[in-house]
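**Q** If you scroll down you'll find the structure; I have some questions about it.
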Amino acid sequence: MSGASGTPYAAAVLRALLAAGESVDLVVSRASRLTLLDETGIAYRDAHWRDDLREWLSRGADGKPDTFTVDLDGVRHWAAGDLAAGPSSGSYPAKGMLIVPASTACVAGVALGLSKDLLQRTASVTLKEGRTLVVAVRETPLNGQTLRHLVTLDDAGAAVVPASPAFYAGATHIQDLVDFVAGRVLDAAGVGHRLYRRWEGELGGGSRTD
């Protein structure tokens, strides 16, 4: 997680990864902790990360507590400033990396190959090892410099997935819009899910009838 607005997107992706049986190495940047505090009121602390993460992931996109039940056994937390952490090395086993949400500052750092924190370092390792990197950029409008950085990431093999909800899947709640973006992130990573109703080639086919 980087510091862009959009913590509900990250929560939805994390819940879906765990539901799919995936193990997760979680890096929450310093800037994203401020965003999380601002958007949810939750202070994410390294020493109490499990309690803080459970409280956050149990909430819906509307902030309602106890909306979801989560099992955190598959999560391993790494401090954002720990450049000696497992994911900082190419020899550490990993399928890929998802940056959700991705700020323009994060996009720039990864595109330029910087390693100012564990998030950027892990992204660089992911690219050099030829693994899947999904960048869910959440900013608007995008200036020319950021667009060039996104092209650089695309050229390097990353999947750029803007956090742009669609409406053809029959969204009736804010959680539906969040889940659509989370689902597209997981699609890019090749992770199975049932977060949104897929287009099947028929007008009105995405309308909810159940």
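Just remember, in the structure tokens the first chain shown is A, the second B, etc., residues are 1-based per chain, and ligands are 1-based in the order shown.
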Write out as a list in words the set of residues from region 48-128 of chain A that DSSP, computed on the backbone, places in strand (DSSP E).

**A**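 Secondary structure check on region 48-128 of chain A, strand (DSSP E): Val75, Arg76, His77, Trp78, Gly96, Met97, Leu98, Ile99, Val100, Pro101 and Ala102 of chain A.
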
**Q** Name all residues at most 10 Å from Thr146 (chain A) (count only C-alpha atoms; drop same-chain ones fewer than 4 positions away) and give them as a ChimeraX atom specification.

**A** /A:103-105,107-108,111,139,141-142,150-152

**Q** Write a file of the just-selected residues containing N, CA and C atoms, as a CSV table (one decimal), in the first residue's frame.

**A**
```
chain,number,residue,atom,x,y,z
A,103,SER,N,0.1,5.7,-5.4
A,103,SER,CA,0.2,7.1,-5.6
A,103,SER,C,1.1,7.5,-6.8
A,104,THR,N,1.0,8.8,-7.2
A,104,THR,CA,1.9,9.2,-8.3
A,104,THR,C,3.3,9.2,-7.8
A,105,ALA,N,3.6,9.5,-6.5
A,105,ALA,CA,4.9,9.5,-6.0
A,105,ALA,C,5.5,8.1,-6.0
A,107,VAL,N,4.4,5.7,-8.1
A,107,VAL,CA,4.6,5.3,-9.5
A,107,VAL,C,6.0,5.9,-10.0
A,108,ALA,N,6.3,7.1,-9.6
A,108,ALA,CA,7.5,7.8,-10.0
A,108,ALA,C,8.7,7.0,-9.5
A,111,ALA,N,9.1,3.7,-11.3
A,111,ALA,CA,9.5,3.8,-12.7
A,111,ALA,C,11.0,4.3,-12.8
A,139,GLU,N,-5.2,8.4,-8.9
A,139,GLU,CA,-5.0,9.8,-9.0
A,139,GLU,C,-5.8,10.3,-10.1
A,141,PRO,N,-6.5,14.6,-11.9
A,141,PRO,CA,-6.1,14.2,-13.3
A,141,PRO,C,-4.6,13.7,-13.2
A,142,LEU,N,-4.2,13.1,-14.3
A,142,LEU,CA,-2.8,12.6,-14.4
A,142,LEU,C,-2.0,13.6,-15.3
A,150,LEU,N,4.0,5.9,-16.1
A,150,LEU,CA,3.2,4.8,-16.3
A,150,LEU,C,3.6,4.0,-17.6
A,151,VAL,N,3.9,4.7,-18.6
A,151,VAL,CA,4.4,4.1,-19.9
A,151,VAL,C,5.7,3.3,-19.6
A,152,THR,N,6.6,3.9,-18.8
A,152,THR,CA,7.8,3.2,-18.4
A,152,THR,C,7.5,1.9,-17.7
```

**Q** Using only C-alpha atoms, which of A:Leu177, A:Leu195, A:Leu186, A:Met97 sits nearest Gly130 (chain A)?

**A** A:Met97

**Q** Find the distance between CA of Ser58 (chain A) and CA of Ser164 (chain A) and write it in Å to one decimal.

**A**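 Here the two named atoms are 23.3 Å from each other.
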
**Q** Smallest atom-to-atom distance to Ser5 (chain A): which of A:Ala47, A:Ala136, A:Leu18, A:Ala85, using only C-alpha atoms?

**A**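 Of A:Ala47, A:Ala136, A:Leu18, A:Ala85, the one nearest Ser5 (chain A), counting only C-alpha atoms, is A:Ala136.
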
**Q** Excluding Arg59 (chain A) and its own-chain neighbours fewer than 4 positions away, which residues fall within 10 Å of it when counting only C-alpha atoms? Please give them as a PyMOL selection string.

**A** chain A and resi 8+11-12+40+54-55+63-69

**Q** For Ala123 (chain A), which residue out of A:Phe167, A:Ala16, A:Leu72, A:Val27 is the nearest one, using only C-alpha atoms?

**A** A:Val27

**Q** DSSP on the backbone, then: every residue of region 76-176 of chain A marked alpha helix (DSSP H), written as a PyMOL selection string.

**A** chain A and resi 104-111+118-128+144-155+174-176

**Q** Could you take the residues named above and write them with C-alpha atoms, as a PDB file, in the first residue's frame?

**A**
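part10.pdb, written as the output of this step:
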```pdb
ATOM      1  CA  THR A 104       1.890   9.201  -8.271  1.00  0.00           C
ATOM      2  CA  ALA A 105       4.922   9.472  -5.986  1.00  0.00           C
ATOM      3  CA  CYS A 106       5.038   5.685  -5.729  1.00  0.00           C
ATOM      4  CA  VAL A 107       4.630   5.346  -9.503  1.00  0.00           C
ATOM      5  CA  ALA A 108       7.533   7.758 -10.045  1.00  0.00           C
ATOM      6  CA  GLY A 109       9.785   5.980  -7.564  1.00  0.00           C
ATOM      7  CA  VAL A 110       9.182   2.563  -9.095  1.00  0.00           C
ATOM      8  CA  ALA A 111       9.530   3.846 -12.666  1.00  0.00           C
ATOM      9  CA  LEU A 118      10.667  -1.495   1.212  1.00  0.00           C
ATOM     10  CA  LEU A 119       7.722  -0.928  -1.123  1.00  0.00           C
ATOM     11  CA  GLN A 120       9.875   0.606  -3.876  1.00  0.00           C
ATOM     12  CA  ARG A 121      12.684  -1.896  -3.314  1.00  0.00           C
ATOM     13  CA  THR A 122      10.293  -4.837  -3.607  1.00  0.00           C
ATOM     14  CA  ALA A 123       8.790  -3.400  -6.789  1.00  0.00           C
ATOM     15  CA  SER A 124      12.263  -3.124  -8.322  1.00  0.00           C
ATOM     16  CA  VAL A 125      13.015  -6.712  -7.324  1.00  0.00           C
ATOM     17  CA  THR A 126       9.704  -7.863  -8.799  1.00  0.00           C
ATOM     18  CA  LEU A 127      10.517  -6.278 -12.164  1.00  0.00           C
ATOM     19  CA  LYS A 128      14.102  -7.520 -12.313  1.00  0.00           C
ATOM     20  CA  GLY A 144       2.325  14.270 -18.482  1.00  0.00           C
ATOM     21  CA  GLN A 145       5.141  13.292 -16.149  1.00  0.00           C
ATOM     22  CA  THR A 146       3.037  10.651 -14.404  1.00  0.00           C
ATOM     23  CA  LEU A 147       1.744   9.365 -17.732  1.00  0.00           C
ATOM     24  CA  ARG A 148       5.322   8.936 -18.933  1.00  0.00           C
ATOM     25  CA  HIS A 149       6.160   7.058 -15.732  1.00  0.00           C
ATOM     26  CA  LEU A 150       3.190   4.759 -16.308  1.00  0.00           C
ATOM     27  CA  VAL A 151       4.377   4.077 -19.866  1.00  0.00           C
ATOM     28  CA  THR A 152       7.801   3.238 -18.441  1.00  0.00           C
ATOM     29  CA  LEU A 153       6.204   0.735 -16.074  1.00  0.00           C
ATOM     30  CA  ASP A 154       4.171  -0.763 -18.920  1.00  0.00           C
ATOM     31  CA  ASP A 155       7.329  -1.093 -21.011  1.00  0.00           C
ATOM     32  CA  ILE A 174     -20.202   1.461  -2.786  1.00  0.00           C
ATOM     33  CA  GLN A 175     -18.738  -1.958  -1.938  1.00  0.00           C
ATOM     34  CA  ASP A 176     -19.719  -3.195  -5.418  1.00  0.00           C
TER      35      ASP A 176
END
```

**Q** Of the residues A:Val161, A:Ile99, A:Ala94, A:Ala188, which is the one nearest to Ser23 (chain A), using only C-alpha atoms?

**A**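 Closest to Ser23 (chain A), using only C-alpha atoms: A:Ala94.
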
**Q** Which residues are close to Arg45 (chain A), i.e. within 12 Å by only C-alpha atoms, leaving aside same-chain residues fewer than 3 positions away? Reply as an NGL selection string.

**A** :A and (27-30 or 32-34 or 36-37 or 42 or 48-53 or 77-80)

**Q** Between CA of Val100 (chain A) and CA of Ala163 (chain A), what is the distance, to one decimal in Å?

**A**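 CA of Ala163 (chain A) lies 8.9 Å from CA of Val100 (chain A).
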
**Q** When you draw a straight line from CA of Asp62 (chain A) to CA of Gly41 (chain A), how long is it in Å?

**A**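 CA of Gly41 (chain A) lies 12.8 Å from CA of Asp62 (chain A).
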